[in-house]
8 protein chains.
Amino acid sequence: MELTVYLAGQIHDNWREELIEQAKTKGLSLNFVSPQVDHARSDSIGEDILGEQPNKLYQDDAASSINNFRTEVLMQKSDIVIGLFGEKYKQWNTAMDMATAITLNKPTILIRPESLIHPLKELSNKANVTVETIDHAIDVISYVFE
Amino acid sequence: MELTVYLAGQIHDNWREELIEQAKTKGLSLNFVSPQVDHARSDSIGEDILGEQPNKLYQDDAASSINNFRTEVLMQKSDIVIGLFGEKYKQWNTAMDMATAITLNKPTILIRPESLIHPLKELSNKANVTVETIDHAIDVISYVFE
Amino acid sequence: MELTVYLAGQIHDNWREELIEQAKTKGLSLNFVSPQVDHARSDSIGEDILGEQPNKLYQDDAASSINNFRTEVLMQKSDIVIGLFGEKYKQWNTAMDMATAITLNKPTILIRPESLIHPLKELSNKANVTVETIDHAIDVISYVFE
Amino acid sequence: MELTVYLAGQIHDNWREELIEQAKTKGLSLNFVSPQVDHARSDSIGEDILGEQPNKLYQDDAASSINNFRTEVLMQKSDIVIGLFGEKYKQWNTAMDMATAITLNKPTILIRPESLIHPLKELSNKANVTVETIDHAIDVISYVFE
Amino acid sequence: MELTVYLAGQIHDNWREELIEQAKTKGLSLNFVSPQVDHARSDSIGEDILGEQPNKLYQDDAASSINNFRTEVLMQKSDIVIGLFGEKYKQWNTAMDMATAITLNKPTILIRPESLIHPLKELSNKANVTVETIDHAIDVISYVFE
Amino acid sequence: MELTVYLAGQIHDNWREELIEQAKTKGLSLNFVSPQVDHARSDSIGEDILGEQPNKLYQDDAASSINNFRTEVLMQKSDIVIGLFGEKYKQWNTAMDMATAITLNKPTILIRPESLIHPLKELSNKANVTVETIDHAIDVISYVFE
Amino acid sequence: MELTVYLAGQIHDNWREELIEQAKTKGLSLNFVSPQVDHARSDSIGEDILGEQPNKLYQDDAASSINNFRTEVLMQKSDIVIGLFGEKYKQWNTAMDMATAITLNKPTILIRPESLIHPLKELSNKANVTVETIDHAIDVISYVFE
Amino acid sequence: MELTVYLAGQIHDNWREELIEQAKTKGLSLNFVSPQVDHARSDSIGEDILGEQPNKLYQDDAASSINNFRTEVLMQKSDIVIGLFGEKYKQWNTAMDMATAITLNKPTILIRPESLIHPLKELSNKANVTVETIDHAIDVISYVFE
């Protein structure tokens, strides 16, 4: 059984590579997908494809429509959704992707530092499992294959 | 036709009263519901009902289960969901409630200040309508009754 | 039993008033809803609420988001959807509303002139009933109450 | 990951071949399906299989039932739906297929010329992404594989 | 609590009146709906509304589209579906209505004579309850109100 | 806003009356429904309606079909499902009703004594809220009306 | 693209073999499934597995539960459902399977002789395509691959 | 056609190995998945991954969240769910898994000893098939491949 895992969350550090590396080390049969992780590309994709827009609002609107298209295609192909919150940034897309996954009955793992327990308490309560580290998220998925 | 509107969003100021007041002034046939807006009560509801918990994590977990129960009951009764983001706070519950509503095919209005255009661009693209003020949200709902 | 009927279709003549009048004459217990039928208002609603937009594309985008919000709210409240096509205009919204209603399992009646049999053949085949006049549409709904 | 793409839209020129060619050039792992693109066959399929019908209405009804059967089978197999509108023709099937795909939560791309911005504004607002050229539609899908 | 009951089944005798009478006698808070029970009207409704059709096949096709419209509207309003099979007639509409109701998760009661146990065994196994008389069907519904 | 509450759980003591009494005392606008609480009637309902069955298995099968019919009708009308487990009995129907409600996205409250924490841990994790007393269940529902 | 086709309908002649043979001759990439076609086995499967039952009713009930299990497993795997009605027999399972498939949005083809136009008119109107021969059903599926 | 079977039920004996062995002997093309069957691991998985918890309640809560995650992932991949009840233990997870599967329209087989007919009568009535032995469950699945 091969499972596809969508990795929602911040795109400012290399947590996805780490997590994928650990999955490989454990020999888990997983296929990973994610939002665009090149931040500049993710912001400019609207104008990259559609050309110059009249102002910042419409640059963002153009980019977001293509980012949302990508996320919908890939999330529908996924069996599991992991969402990681870091201490910086607003990360509303992570909250949005997790809530979407939960409402679609996709099994979910929330990764968040101890410092975010309080503001993420309702989302944590709705996710299947909440952990604090990438290692633990991999342990949870690994348990499915035991 | 009477419509029920769920008011997701921050509970730190009185935007809901203002919005409800404007709806009343316009004579719109609306019934409003919302999360618990007494912040202290929302944080302590777990221990208020279930008694003392071992630590902050479990206080929050107990509170969040009851807050989520409330939200599910009321959102299922709603025809429209409005989510308001302000400039302060993490507001992950607002993002979660809006994404849940969108995935459940509830018609949605996002209210956010100009300063949040960029971080909310994907959520804004998924919501039906995005506006910057309470007045405009009421104008949009008012248009349904024209 | 009172039924709510959504009247999709062109907003360039008074077919809705005629249909509603006939329903009243027959004493049918029906409640009617529809898209915005004031064409100018429907086109300007985006700028009416959100203010001036940078160009025609964005005027239209702003208006359409509010028109779609209205349609979603009202169609979800409806038990029956009637779509009328006339001989002029592109009427892609009518096709869109009918296909949406059909996919949501709303019972549907298509009204179209004989001249449009060919280009509407696939939509006609998917709708529950196809008729050529408003009188016949009312006859079909009247049959539900027999 | 291989994705299946349904190509809704006019069958009067060779836009599908162009689009498929571009996808091949870019090495995208896509599988394409579409309505019957031989216009004469699409119109006569009812009588081709079921034999002579009493008049034009029934010829069309017979053909449409088989065309709709084909579209349902293939759209249910699709991960993405692209709809292209040209400047001529009524193209109500394109509007119907796009609205069906959107209501089924299939990710969608609308291709339409600048001249059709206004009449397609509501459908454009509901689709995930709107572009003006085949190249841009391929760019959007290509972005999913980045 | 008032419940709406759809009465599927043959339209050749007055079993519906009997059943409704018994419900009234027991004081059950029920609202009854059904297909068109005037057999001639049910067969001619297509031509009654749409005018003369080219042959029997198209008379039947026209009538069936309007009968199906009626059934869809009324079944969607129903909380319970009762289907009665008698010893005569093909009664494929009864089987169709019951299977539709079961697939839509409507609670169902099947009424059939002992002589039809064998040919109805699979449908009986899928329905919630199978009884042999109208009295028993009323007893089952009455039990919901105890 | 009036809410309907389904009370799943053991039928061997009067916990439902207590809970309903407390709701009345608090002035909550609730309407309560439940499985048949007369145990003998619940066991004999199959034979009461359908007559003598060949053996215990078929007595039970006849009764269960009518009990399940009742539960389906009433649960579909409910906004909230409460399930109470006591220390005695197998109570598999309570587990079944709760899992059904959870899968149907009905908001749920689980009431169970401390002694059952371990065997009910997975069901408790899936329910919205878990409490140990009837008072606490009423407090949770009361919070929805604050 | 390989499609799976469920062949509902009478099990008294060899129409399935004929149809499968024609599909093979045309080189269509189809995989066929069906109910148990050995009539005796289909009737005795309950007692074959579960042992002797108290009477005919329970023999039939036991058999039907296993036949329904088989049908559910296989229909859920199917992309297309074909239902054939012959001139003899009650064939309520065929009507049940077709209505189930239609309600599950499975694309359907109804095969029935001219003599059954009238009693099957409502089912025919709900199916995607109605034909009179096996050849025509294969022609319709073949059209999907053109 | 390969089918995936989820084996819900007690984890105190080796019934799964027996069942899998019999399937292999019969050459059935089946893939089996199940909850964690190492009881100690199933109870400690929360602390194994997340570290020490403040008390028994939270140990259980942590374990259950990970067990439920595993079950959701695997059940969504399954075509058939088998649930086995033995004479000992509370087995509420088995009832929960079976009710979840039934509500998700997964075809189900219930295995239970004669002594449990009465307390499992409602669940048995909702499952597709009820048998008393592992052999019979394999016979039922085997019948799908005939």
# chains A, B, ... in the order shown; residues from 1 in each chain; ligands from 1

call {"tool": "residues_around", "arguments": {"residues": "range 123-137 of chain G", "least_positions_apart": "5", "cutoff": "9 Å", "atoms": "only C-alpha atoms", "output": "PyMOL selection string"}}
result
(chain C and resi 125-126+128) or (chain D and resi 49-50+62+65-66+68-69) or (chain E and resi 61-62+64-65+68+92-93+96) or (chain G and resi 15-16+18-19+22+82+84+95+98-99+102+107-114+117+142)

call {"tool": "write_last_selection", "arguments": {"atoms": "C-alpha atoms", "output": "PDB file, in the first residue's frame"}}
result
ATOM      1  CA  ASN C 125     -31.644  15.872 -21.904  1.00  0.00           C
ATOM      2  CA  LYS C 126     -30.240  16.410 -18.398  1.00  0.00           C
ATOM      3  CA  ASN C 128     -36.136  16.809 -15.727  1.00  0.00           C
TER       4      ASN C 128
ATOM      5  CA  ILE D  49     -27.121   3.777 -33.170  1.00  0.00           C
ATOM      6  CA  LEU D  50     -30.879   3.851 -32.597  1.00  0.00           C
ATOM      7  CA  ALA D  62     -31.347  10.609 -29.040  1.00  0.00           C
ATOM      8  CA  SER D  65     -28.486  11.122 -24.397  1.00  0.00           C
ATOM      9  CA  ILE D  66     -25.466   9.319 -25.831  1.00  0.00           C
ATOM     10  CA  ASN D  68     -24.192  12.980 -22.105  1.00  0.00           C
ATOM     11  CA  PHE D  69     -23.431   9.339 -21.286  1.00  0.00           C
TER      12      PHE D  69
ATOM     13  CA  ASP E  61     -41.267   9.688 -22.689  1.00  0.00           C
ATOM     14  CA  ALA E  62     -43.070  13.011 -22.283  1.00  0.00           C
ATOM     15  CA  SER E  64     -42.450   9.994 -17.670  1.00  0.00           C
ATOM     16  CA  SER E  65     -40.353  13.161 -17.511  1.00  0.00           C
ATOM     17  CA  ASN E  68     -40.304  11.822 -12.483  1.00  0.00           C
ATOM     18  CA  TRP E  92     -41.139  -1.370 -11.781  1.00  0.00           C
ATOM     19  CA  ASN E  93     -41.723   2.191 -10.615  1.00  0.00           C
ATOM     20  CA  MET E  96     -37.304   2.107  -8.650  1.00  0.00           C
TER      21      MET E  96
ATOM     22  CA  TRP G  15     -27.121 -12.235 -22.858  1.00  0.00           C
ATOM     23  CA  ARG G  16     -24.036 -11.389 -20.798  1.00  0.00           C
ATOM     24  CA  GLU G  18     -23.056 -12.308 -26.018  1.00  0.00           C
ATOM     25  CA  LEU G  19     -22.408  -8.772 -24.863  1.00  0.00           C
ATOM     26  CA  GLN G  22     -19.095  -8.353 -28.813  1.00  0.00           C
ATOM     27  CA  ILE G  82     -26.099  -1.768 -17.922  1.00  0.00           C
ATOM     28  CA  LEU G  84     -31.350  -5.554 -19.371  1.00  0.00           C
ATOM     29  CA  ALA G  95     -35.113  -2.134 -11.542  1.00  0.00           C
ATOM     30  CA  MET G  98     -30.625   0.478 -12.079  1.00  0.00           C
ATOM     31  CA  ALA G  99     -32.274   2.928  -9.664  1.00  0.00           C
ATOM     32  CA  ILE G 102     -28.694   6.198 -11.133  1.00  0.00           C
ATOM     33  CA  PRO G 107     -23.689   6.317 -15.973  1.00  0.00           C
ATOM     34  CA  THR G 108     -26.372   3.826 -17.069  1.00  0.00           C
ATOM     35  CA  ILE G 109     -27.693   2.074 -20.195  1.00  0.00           C
ATOM     36  CA  LEU G 110     -31.133   0.432 -20.178  1.00  0.00           C
ATOM     37  CA  ILE G 111     -31.790  -2.411 -22.629  1.00  0.00           C
ATOM     38  CA  ARG G 112     -35.457  -3.333 -23.061  1.00  0.00           C
ATOM     39  CA  PRO G 113     -37.657  -4.695 -25.851  1.00  0.00           C
ATOM     40  CA  GLU G 114     -40.182  -2.442 -27.579  1.00  0.00           C
ATOM     41  CA  ILE G 117     -41.682   0.771 -23.423  1.00  0.00           C
ATOM     42  CA  SER G 142     -17.810   1.990 -27.942  1.00  0.00           C
TER      43      SER G 142
END

call {"tool": "select_by_dssp", "arguments": {"residues": "chain H", "states": "strand (DSSP E or B)", "output": "count of residues only"}}
result
23

call {"tool": "select_by_dssp", "arguments": {"residues": "range 38-71 of chain H", "states": "alpha helix (DSSP H)", "output": "ChimeraX atom specification"}}
result
/H:39-50,56-71

call {"tool": "write_last_selection", "arguments": {"atoms": "N, CA and C atoms", "output": "PDB file, in the first residue's frame"}}
result
ATOM      1  N   HIS H  39      -1.718  -5.653  21.513  1.00  0.00           N
ATOM      2  CA  HIS H  39      -2.525  -4.913  22.477  1.00  0.00           C
ATOM      3  C   HIS H  39      -1.695  -3.913  23.288  1.00  0.00           C
ATOM      4  N   ALA H  40      -0.538  -4.333  23.755  1.00  0.00           N
ATOM      5  CA  ALA H  40       0.294  -3.449  24.578  1.00  0.00           C
ATOM      6  C   ALA H  40       0.714  -2.224  23.764  1.00  0.00           C
ATOM      7  N   ARG H  41       1.125  -2.465  22.524  1.00  0.00           N
ATOM      8  CA  ARG H  41       1.534  -1.353  21.651  1.00  0.00           C
ATOM      9  C   ARG H  41       0.344  -0.408  21.406  1.00  0.00           C
ATOM     10  N   SER H  42      -0.832  -0.978  21.179  1.00  0.00           N
ATOM     11  CA  SER H  42      -2.031  -0.171  20.948  1.00  0.00           C
ATOM     12  C   SER H  42      -2.336   0.726  22.155  1.00  0.00           C
ATOM     13  N   ASP H  43      -2.076   0.205  23.367  1.00  0.00           N
ATOM     14  CA  ASP H  43      -2.358   1.004  24.571  1.00  0.00           C
ATOM     15  C   ASP H  43      -1.270   2.041  24.851  1.00  0.00           C
ATOM     16  N   SER H  44      -0.044   1.737  24.461  1.00  0.00           N
ATOM     17  CA  SER H  44       1.059   2.636  24.835  1.00  0.00           C
ATOM     18  C   SER H  44       1.484   3.563  23.711  1.00  0.00           C
ATOM     19  N   ILE H  45       0.851   3.447  22.535  1.00  0.00           N
ATOM     20  CA  ILE H  45       1.347   4.193  21.372  1.00  0.00           C
ATOM     21  C   ILE H  45       1.365   5.704  21.624  1.00  0.00           C
ATOM     22  N   GLY H  46       0.430   6.206  22.421  1.00  0.00           N
ATOM     23  CA  GLY H  46       0.411   7.640  22.718  1.00  0.00           C
ATOM     24  C   GLY H  46       1.688   8.060  23.422  1.00  0.00           C
ATOM     25  N   GLU H  47       2.022   7.363  24.501  1.00  0.00           N
ATOM     26  CA  GLU H  47       3.244   7.707  25.236  1.00  0.00           C
ATOM     27  C   GLU H  47       4.493   7.276  24.468  1.00  0.00           C
ATOM     28  N   ASP H  48       4.408   6.205  23.701  1.00  0.00           N
ATOM     29  CA  ASP H  48       5.565   5.790  22.891  1.00  0.00           C
ATOM     30  C   ASP H  48       6.021   6.932  21.978  1.00  0.00           C
ATOM     31  N   ILE H  49       5.057   7.622  21.414  1.00  0.00           N
ATOM     32  CA  ILE H  49       5.422   8.709  20.483  1.00  0.00           C
ATOM     33  C   ILE H  49       5.508  10.060  21.193  1.00  0.00           C
ATOM     34  N   LEU H  50       4.501  10.386  21.993  1.00  0.00           N
ATOM     35  CA  LEU H  50       4.416  11.752  22.532  1.00  0.00           C
ATOM     36  C   LEU H  50       5.069  11.917  23.897  1.00  0.00           C
ATOM     37  N   LYS H  56      -3.717   8.451  33.523  1.00  0.00           N
ATOM     38  CA  LYS H  56      -4.300   7.401  32.672  1.00  0.00           C
ATOM     39  C   LYS H  56      -5.209   7.970  31.587  1.00  0.00           C
ATOM     40  N   LEU H  57      -6.054   8.928  31.986  1.00  0.00           N
ATOM     41  CA  LEU H  57      -6.974   9.526  31.017  1.00  0.00           C
ATOM     42  C   LEU H  57      -6.210  10.074  29.806  1.00  0.00           C
ATOM     43  N   TYR H  58      -5.122  10.772  30.051  1.00  0.00           N
ATOM     44  CA  TYR H  58      -4.400  11.400  28.951  1.00  0.00           C
ATOM     45  C   TYR H  58      -3.515  10.408  28.202  1.00  0.00           C
ATOM     46  N   GLN H  59      -3.060   9.356  28.888  1.00  0.00           N
ATOM     47  CA  GLN H  59      -2.391   8.258  28.169  1.00  0.00           C
ATOM     48  C   GLN H  59      -3.342   7.658  27.140  1.00  0.00           C
ATOM     49  N   ASP H  60      -4.555   7.419  27.616  1.00  0.00           N
ATOM     50  CA  ASP H  60      -5.559   6.811  26.734  1.00  0.00           C
ATOM     51  C   ASP H  60      -5.957   7.751  25.602  1.00  0.00           C
ATOM     52  N   ASP H  61      -6.079   9.025  25.935  1.00  0.00           N
ATOM     53  CA  ASP H  61      -6.478   9.986  24.910  1.00  0.00           C
ATOM     54  C   ASP H  61      -5.399  10.088  23.825  1.00  0.00           C
ATOM     55  N   ALA H  62      -4.133  10.102  24.258  1.00  0.00           N
ATOM     56  CA  ALA H  62      -3.035  10.185  23.289  1.00  0.00           C
ATOM     57  C   ALA H  62      -3.005   8.934  22.405  1.00  0.00           C
ATOM     58  N   ALA H  63      -3.147   7.774  23.033  1.00  0.00           N
ATOM     59  CA  ALA H  63      -3.131   6.522  22.261  1.00  0.00           C
ATOM     60  C   ALA H  63      -4.298   6.473  21.282  1.00  0.00           C
ATOM     61  N   SER H  64      -5.470   6.863  21.758  1.00  0.00           N
ATOM     62  CA  SER H  64      -6.658   6.726  20.912  1.00  0.00           C
ATOM     63  C   SER H  64      -6.580   7.623  19.676  1.00  0.00           C
ATOM     64  N   SER H  65      -5.981   8.804  19.812  1.00  0.00           N
ATOM     65  CA  SER H  65      -5.909   9.692  18.647  1.00  0.00           C
ATOM     66  C   SER H  65      -5.073   9.050  17.542  1.00  0.00           C
ATOM     67  N   ILE H  66      -4.023   8.340  17.930  1.00  0.00           N
ATOM     68  CA  ILE H  66      -3.150   7.709  16.930  1.00  0.00           C
ATOM     69  C   ILE H  66      -3.795   6.433  16.391  1.00  0.00           C
ATOM     70  N   ASN H  67      -4.482   5.694  17.248  1.00  0.00           N
ATOM     71  CA  ASN H  67      -5.212   4.516  16.758  1.00  0.00           C
ATOM     72  C   ASN H  67      -6.327   4.926  15.786  1.00  0.00           C
ATOM     73  N   ASN H  68      -7.038   5.994  16.108  1.00  0.00           N
ATOM     74  CA  ASN H  68      -8.102   6.444  15.199  1.00  0.00           C
ATOM     75  C   ASN H  68      -7.540   6.941  13.864  1.00  0.00           C
ATOM     76  N   PHE H  69      -6.392   7.615  13.916  1.00  0.00           N
ATOM     77  CA  PHE H  69      -5.734   8.046  12.679  1.00  0.00           C
ATOM     78  C   PHE H  69      -5.454   6.825  11.791  1.00  0.00           C
ATOM     79  N   ARG H  70      -4.853   5.794  12.398  1.00  0.00           N
ATOM     80  CA  ARG H  70      -4.544   4.568  11.652  1.00  0.00           C
ATOM     81  C   ARG H  70      -5.804   3.956  11.028  1.00  0.00           C
ATOM     82  N   THR H  71      -6.852   3.848  11.843  1.00  0.00           N
ATOM     83  CA  THR H  71      -8.083   3.228  11.349  1.00  0.00           C
ATOM     84  C   THR H  71      -8.693   4.022  10.199  1.00  0.00           C
TER      85      THR H  71
END

call {"tool": "residues_around", "arguments": {"residues": "range 1-10 of chain A", "least_positions_apart": "5", "cutoff": "8 Å", "atoms": "only C-alpha atoms", "output": "list in words"}}
result
Arg16, Ser29, Leu30, Asn31, Phe32, Val33, Ser34, Pro35, Leu74, Met75, Lys77, Ser78, Asp79, Ile80, Val81, Ile82, Gly83, Leu84, Phe85, Gly86, Gln91, Asn93, Thr94, Asp97 and Met98 of chain A

call {"tool": "interface_residues", "arguments": {"of": "chain A", "to": "chain C", "cutoff": "10 Å", "atoms": "only C-alpha atoms", "output": "list in words"}}
result
Gln53, Pro54, Asn55 and Tyr58 of chain A

call {"tool": "residues_around", "arguments": {"residues": "Thr103 in chain D", "least_positions_apart": "5", "cutoff": "8 Å", "atoms": "only C-alpha atoms", "output": "PyMOL selection string"}}
result
chain C and resi 100+103-104

call {"tool": "write_last_selection", "arguments": {"atoms": "N, CA, C and O atoms", "output": "PDB file, in the first residue's frame"}}
result
ATOM      1  N   THR C 100     -25.682  23.572 -12.514  1.00  0.00           N
ATOM      2  CA  THR C 100     -25.421  23.526 -11.069  1.00  0.00           C
ATOM      3  C   THR C 100     -26.600  22.878 -10.355  1.00  0.00           C
ATOM      4  O   THR C 100     -26.421  21.986  -9.514  1.00  0.00           O
ATOM      5  N   THR C 103     -26.722  19.129 -11.004  1.00  0.00           N
ATOM      6  CA  THR C 103     -25.675  18.394 -10.281  1.00  0.00           C
ATOM      7  C   THR C 103     -25.976  18.330  -8.788  1.00  0.00           C
ATOM      8  O   THR C 103     -25.587  17.387  -8.106  1.00  0.00           O
ATOM      9  N   LEU C 104     -26.676  19.327  -8.268  1.00  0.00           N
ATOM     10  CA  LEU C 104     -27.098  19.313  -6.857  1.00  0.00           C
ATOM     11  C   LEU C 104     -28.385  18.523  -6.645  1.00  0.00           C
ATOM     12  O   LEU C 104     -28.953  18.529  -5.549  1.00  0.00           O
TER      13      LEU C 104
END

call {"tool": "atom_distance", "arguments": {"atom1": "CA of Lys26 in chain H", "atom2": "CA of Tyr143 in chain H"}}
result
11.3 Å

call {"tool": "decode", "arguments": {"residues": "range 122-140 of chain H", "atoms": "N, CA, C and O atoms", "output": "PDB file, in the first residue's frame"}}
result
ATOM      1  N   GLU H 122     -29.381  -5.237  16.581  1.00  0.00           N
ATOM      2  CA  GLU H 122     -29.537  -4.034  15.736  1.00  0.00           C
ATOM      3  C   GLU H 122     -28.337  -3.860  14.796  1.00  0.00           C
ATOM      4  O   GLU H 122     -28.499  -3.490  13.632  1.00  0.00           O
ATOM      5  N   LEU H 123     -27.141  -4.117  15.289  1.00  0.00           N
ATOM      6  CA  LEU H 123     -25.965  -3.987  14.422  1.00  0.00           C
ATOM      7  C   LEU H 123     -26.017  -5.052  13.326  1.00  0.00           C
ATOM      8  O   LEU H 123     -25.712  -4.790  12.159  1.00  0.00           O
ATOM      9  N   SER H 124     -26.417  -6.257  13.709  1.00  0.00           N
ATOM     10  CA  SER H 124     -26.545  -7.351  12.739  1.00  0.00           C
ATOM     11  C   SER H 124     -27.542  -6.986  11.642  1.00  0.00           C
ATOM     12  O   SER H 124     -27.310  -7.241  10.452  1.00  0.00           O
ATOM     13  N   ASN H 125     -28.635  -6.367  12.033  1.00  0.00           N
ATOM     14  CA  ASN H 125     -29.656  -5.979  11.048  1.00  0.00           C
ATOM     15  C   ASN H 125     -29.143  -4.917  10.070  1.00  0.00           C
ATOM     16  O   ASN H 125     -29.579  -4.855   8.916  1.00  0.00           O
ATOM     17  N   LYS H 126     -28.197  -4.089  10.507  1.00  0.00           N
ATOM     18  CA  LYS H 126     -27.650  -3.047   9.635  1.00  0.00           C
ATOM     19  C   LYS H 126     -26.499  -3.544   8.759  1.00  0.00           C
ATOM     20  O   LYS H 126     -26.252  -2.965   7.698  1.00  0.00           O
ATOM     21  N   ALA H 127     -25.760  -4.543   9.240  1.00  0.00           N
ATOM     22  CA  ALA H 127     -24.659  -5.085   8.434  1.00  0.00           C
ATOM     23  C   ALA H 127     -25.240  -5.798   7.214  1.00  0.00           C
ATOM     24  O   ALA H 127     -26.393  -6.226   7.231  1.00  0.00           O
ATOM     25  N   ASN H 128     -24.437  -5.966   6.167  1.00  0.00           N
ATOM     26  CA  ASN H 128     -24.951  -6.694   4.995  1.00  0.00           C
ATOM     27  C   ASN H 128     -25.227  -8.153   5.324  1.00  0.00           C
ATOM     28  O   ASN H 128     -26.286  -8.680   5.000  1.00  0.00           O
ATOM     29  N   VAL H 129     -24.250  -8.811   5.933  1.00  0.00           N
ATOM     30  CA  VAL H 129     -24.353 -10.245   6.185  1.00  0.00           C
ATOM     31  C   VAL H 129     -23.872 -10.523   7.599  1.00  0.00           C
ATOM     32  O   VAL H 129     -22.902  -9.913   8.057  1.00  0.00           O
ATOM     33  N   THR H 130     -24.546 -11.447   8.307  1.00  0.00           N
ATOM     34  CA  THR H 130     -24.076 -11.898   9.615  1.00  0.00           C
ATOM     35  C   THR H 130     -23.795 -13.393   9.567  1.00  0.00           C
ATOM     36  O   THR H 130     -24.642 -14.159   9.082  1.00  0.00           O
ATOM     37  N   VAL H 131     -22.625 -13.796  10.050  1.00  0.00           N
ATOM     38  CA  VAL H 131     -22.258 -15.212  10.086  1.00  0.00           C
ATOM     39  C   VAL H 131     -21.698 -15.533  11.466  1.00  0.00           C
ATOM     40  O   VAL H 131     -21.437 -14.632  12.264  1.00  0.00           O
ATOM     41  N   GLU H 132     -21.512 -16.852  11.732  1.00  0.00           N
ATOM     42  CA  GLU H 132     -21.009 -17.229  13.048  1.00  0.00           C
ATOM     43  C   GLU H 132     -19.543 -17.646  13.047  1.00  0.00           C
ATOM     44  O   GLU H 132     -18.931 -17.787  14.110  1.00  0.00           O
ATOM     45  N   THR H 133     -18.986 -17.878  11.852  1.00  0.00           N
ATOM     46  CA  THR H 133     -17.605 -18.365  11.833  1.00  0.00           C
ATOM     47  C   THR H 133     -16.784 -17.659  10.754  1.00  0.00           C
ATOM     48  O   THR H 133     -17.327 -17.103   9.790  1.00  0.00           O
ATOM     49  N   ILE H 134     -15.479 -17.741  10.965  1.00  0.00           N
ATOM     50  CA  ILE H 134     -14.524 -17.190  10.008  1.00  0.00           C
ATOM     51  C   ILE H 134     -14.685 -17.868   8.644  1.00  0.00           C
ATOM     52  O   ILE H 134     -14.608 -17.213   7.601  1.00  0.00           O
ATOM     53  N   ASP H 135     -14.903 -19.185   8.667  1.00  0.00           N
ATOM     54  CA  ASP H 135     -15.100 -19.924   7.411  1.00  0.00           C
ATOM     55  C   ASP H 135     -16.242 -19.315   6.596  1.00  0.00           C
ATOM     56  O   ASP H 135     -16.138 -19.163   5.374  1.00  0.00           O
ATOM     57  N   HIS H 136     -17.312 -18.994   7.290  1.00  0.00           N
ATOM     58  CA  HIS H 136     -18.474 -18.462   6.569  1.00  0.00           C
ATOM     59  C   HIS H 136     -18.195 -17.069   6.006  1.00  0.00           C
ATOM     60  O   HIS H 136     -18.648 -16.722   4.922  1.00  0.00           O
ATOM     61  N   ALA H 137     -17.438 -16.269   6.742  1.00  0.00           N
ATOM     62  CA  ALA H 137     -17.081 -14.939   6.227  1.00  0.00           C
ATOM     63  C   ALA H 137     -16.271 -15.088   4.936  1.00  0.00           C
ATOM     64  O   ALA H 137     -16.498 -14.383   3.953  1.00  0.00           O
ATOM     65  N   ILE H 138     -15.346 -16.025   4.939  1.00  0.00           N
ATOM     66  CA  ILE H 138     -14.541 -16.261   3.731  1.00  0.00           C
ATOM     67  C   ILE H 138     -15.430 -16.798   2.604  1.00  0.00           C
ATOM     68  O   ILE H 138     -15.270 -16.417   1.440  1.00  0.00           O
ATOM     69  N   ASP H 139     -16.381 -17.644   2.943  1.00  0.00           N
ATOM     70  CA  ASP H 139     -17.320 -18.141   1.919  1.00  0.00           C
ATOM     71  C   ASP H 139     -18.086 -16.978   1.273  1.00  0.00           C
ATOM     72  O   ASP H 139     -18.322 -16.969   0.065  1.00  0.00           O
ATOM     73  N   VAL H 140     -18.495 -16.009   2.090  1.00  0.00           N
ATOM     74  CA  VAL H 140     -19.252 -14.869   1.560  1.00  0.00           C
ATOM     75  C   VAL H 140     -18.384 -14.050   0.601  1.00  0.00           C
ATOM     76  O   VAL H 140     -18.815 -13.679  -0.500  1.00  0.00           O
TER      77      VAL H 140
END
